[in-house]
Amino acid sequence: MGNKGKKKSHRDRIFLSKKMKSIMKNFLFSRIILFALILLFQLALYLFFILWLSSYAHVLLGSNVLIVFIFMIILANSNGKNEFKIAWLVPVSIFPIFGVAMYLLYHTNGGGKRTKKRLLYLKEKTESYLPDKSIYSEKIEENAEIKGITNFLMNSDNFYPSYDSNVTYFKNGELFFEDFMAQLEKAKKFIFIEFFIIDLDESWEKIVSVLERKVADGVEVRVLYDAIGSVTASSKFYVDYLKSKGIDAQIFLPLFPVFSTQQNNRDHRKIVIIDGHVGYTGGVNISNEYFNMEKRRFNYWKDNAIRIEGSAIRSFVIMFLQTWNISKKRDDNFKRYIESCDNANVTKNEGGVIIPYGDDAYNNQDLAENIYLYILDNAKKYVYITTPYVLIDNQLSETLIFAAHRGVEVSIIVPSVPDHFVTFCIGRVFIKKLIDNGVKVYEYKKGFIHAKTFVSDDKIATIGSVNLDYRSLYHHFECGALLYNKPCIKDIKNDFEEMIQNDCKEFTQTSYKKFPWFNRMIGRILKVFAPLM
């Protein structure tokens, strides 16, 4: 047993060593070098005019003004939120050549165009396996309070409501992991796993051990993970290793030096599907720290997840198959997997509605943000929110404030410690505006909170992978589930209130003043770049 453990440890070191070499190679030849060279050229041009052509400085100044003016006109007439446009004006105004070149490189996204085209094709193909929307009309009318958001999700990207699915809430990663492992053991037909982060550590070793046994039993197993999020596993070497065990593995949008154009469009989803009958989503990834195992960065990692049983799994199956097939040359037999969900009956229907949903960088819908805005706009008593980051656009910020001014109790739990220093500093600037306008913000003192949850008025909630930041709301592939009149909503609310009572401290104006002045300055200066982070 001991020798086997040593072999695994040695194997993992090989994976890490090979991957670190690959990371360094990618860094040395990536677009970061191109950005640096362009910036150096801009600085050298300034220096050249100052030292040798000072009498022609007006030519350089005039050229810069003309470049900035033309760029502003183009930017003003382009689509997109103003926050993104403002973020580009700063570098272009100071370093016009560098700024414009960076903008063009950032938006030269040939890979993104190909991915969008492929994804649209897959959405059209899987749409043919969905039932007729008209059969839902009666149920939609029975749940008239959420008729608007139901129609929006159905009509925007074919996310259908389910009236015969049960939902179980897990208030931490430990409970999720225990249940997840038990459900894996029950798999008979197929297992689909999709995560942003899969770390090669103890928790993943345990999962792989179960997956190996299920493969031996004839169960089809697929694992999809992100190239950036799952750095240590993102090598052909490790993919081949998993395939040698019968596990079909795939890296989402691998990065290629210089030519990678989709660094921002990452797969941030967390989806598990077992036999088309049971599924999971939430904030957890696959790593020891999410389940509070062994050594970790924080005293405690607070996260959450839900288990879904019933026909609602269909939407997650479709999302997984679409994402899985983006880089495939031959399409899956979608019918086989989608129809497996039609037999996903629950023994006792708990009532209520669940609408699984996904969002991506190519649908031009801002779908996840619209769900958050809907909950805030329709709240009458309270909205409780958990999020690891607060980097939000003006519309979401003003909606939070408007709800508070209407007399709705708007409370947000955020981390008290950073996992990313710069985003933490910028987030405190956004939070300062919220608390100045009646929104209550609490710092989670027990450790780090990573859960992404909205719950309101004991009736409606959403849980999934969507952070309150620009990356989740506009750039990433995300997922979640909208819940209405489900029993687990009470559990979500109770979890929030227990955290407020036992593990949190309110963040006030005095708290912000105690925040180190240097950190506040970083947040204020870099806030303009928040949409690009």
# chains A, B, ... in the order shown; residues from 1 in each chain; ligands from 1
>>> residues_around(residues="Cys488 (chain A)", least_positions_apart="5", cutoff="7 Å", atoms="only C-alpha atoms", output="JSON, numbers by chain")
{"A": [167, 168, 169]}
>>> residues_around(residues="region 334-348 of chain A", least_positions_apart="2", cutoff="7 Å", atoms="only C-alpha atoms", output="NGL selection string")
:A and (126 or 129 or 165 or 276-277 or 309-311 or 313-314 or 317-318 or 332 or 350)
>>> closest_atom_pairs(of="region 449-526 of chain A", to="region 417-431 of chain A", cutoff="8 Å", atoms="only C-alpha atoms", output="Markdown table")
| residue | atom | partner | partner_atom | distance |
| --- | --- | --- | --- | --- |
| A:Tyr512 | CA | A:Arg428 | CA | 7.5 |
| A:Asn519 | CA | A:Cys425 | CA | 5.6 |
| A:Arg520 | CA | A:Cys425 | CA | 6.3 |
| A:Ile522 | CA | A:Cys425 | CA | 6.5 |
| A:Gly523 | CA | A:Ile426 | CA | 3.8 |
| A:Arg524 | CA | A:Val429 | CA | 6.5 |
| A:Leu526 | CA | A:Ile426 | CA | 6.8 |
>>> residues_around(residues="Val408 (chain A)", least_positions_apart="3", cutoff="7 Å", atoms="only C-alpha atoms", output="number ranges by chain")
A: 379-382, 403-404
>>> closest_residue(among="A:Leu40, A:Leu468, A:Ile306, A:Leu373", to="Ala481 (chain A)", atoms="only C-alpha atoms")
A:Ile306
>>> residues_around(residues="Lys328 (chain A)", least_positions_apart="6", cutoff="12 Å", atoms="only C-alpha atoms", output="mmCIF file with C-alpha atoms, in the first residue's frame")
data_model
loop_
_atom_site.group_PDB
_atom_site.id
_atom_site.type_symbol
_atom_site.label_atom_id
_atom_site.label_comp_id
_atom_site.auth_asym_id
_atom_site.auth_seq_id
_atom_site.Cartn_x
_atom_site.Cartn_y
_atom_site.Cartn_z
ATOM 1 C CA THR A 115 -15.970 28.543 -31.380
ATOM 2 C CA ARG A 118 -19.486 25.731 -33.799
ATOM 3 C CA LEU A 119 -21.470 26.415 -30.616
ATOM 4 C CA LEU A 122 -24.497 22.541 -31.710
ATOM 5 C CA GLN A 250 -10.720 16.580 -22.747
ATOM 6 C CA ILE A 251 -9.122 19.981 -22.078
ATOM 7 C CA PHE A 252 -11.415 22.927 -22.817
ATOM 8 C CA LEU A 253 -9.821 25.382 -25.303
ATOM 9 C CA LEU A 321 -22.646 17.843 -24.730
ATOM 10 C CA GLN A 322 -22.496 21.239 -26.437
#
>>> residues_around(residues="Tyr300 (chain A)", least_positions_apart="4", cutoff="8 Å", atoms="only C-alpha atoms", output="ChimeraX atom specification")
/A:292,446-448
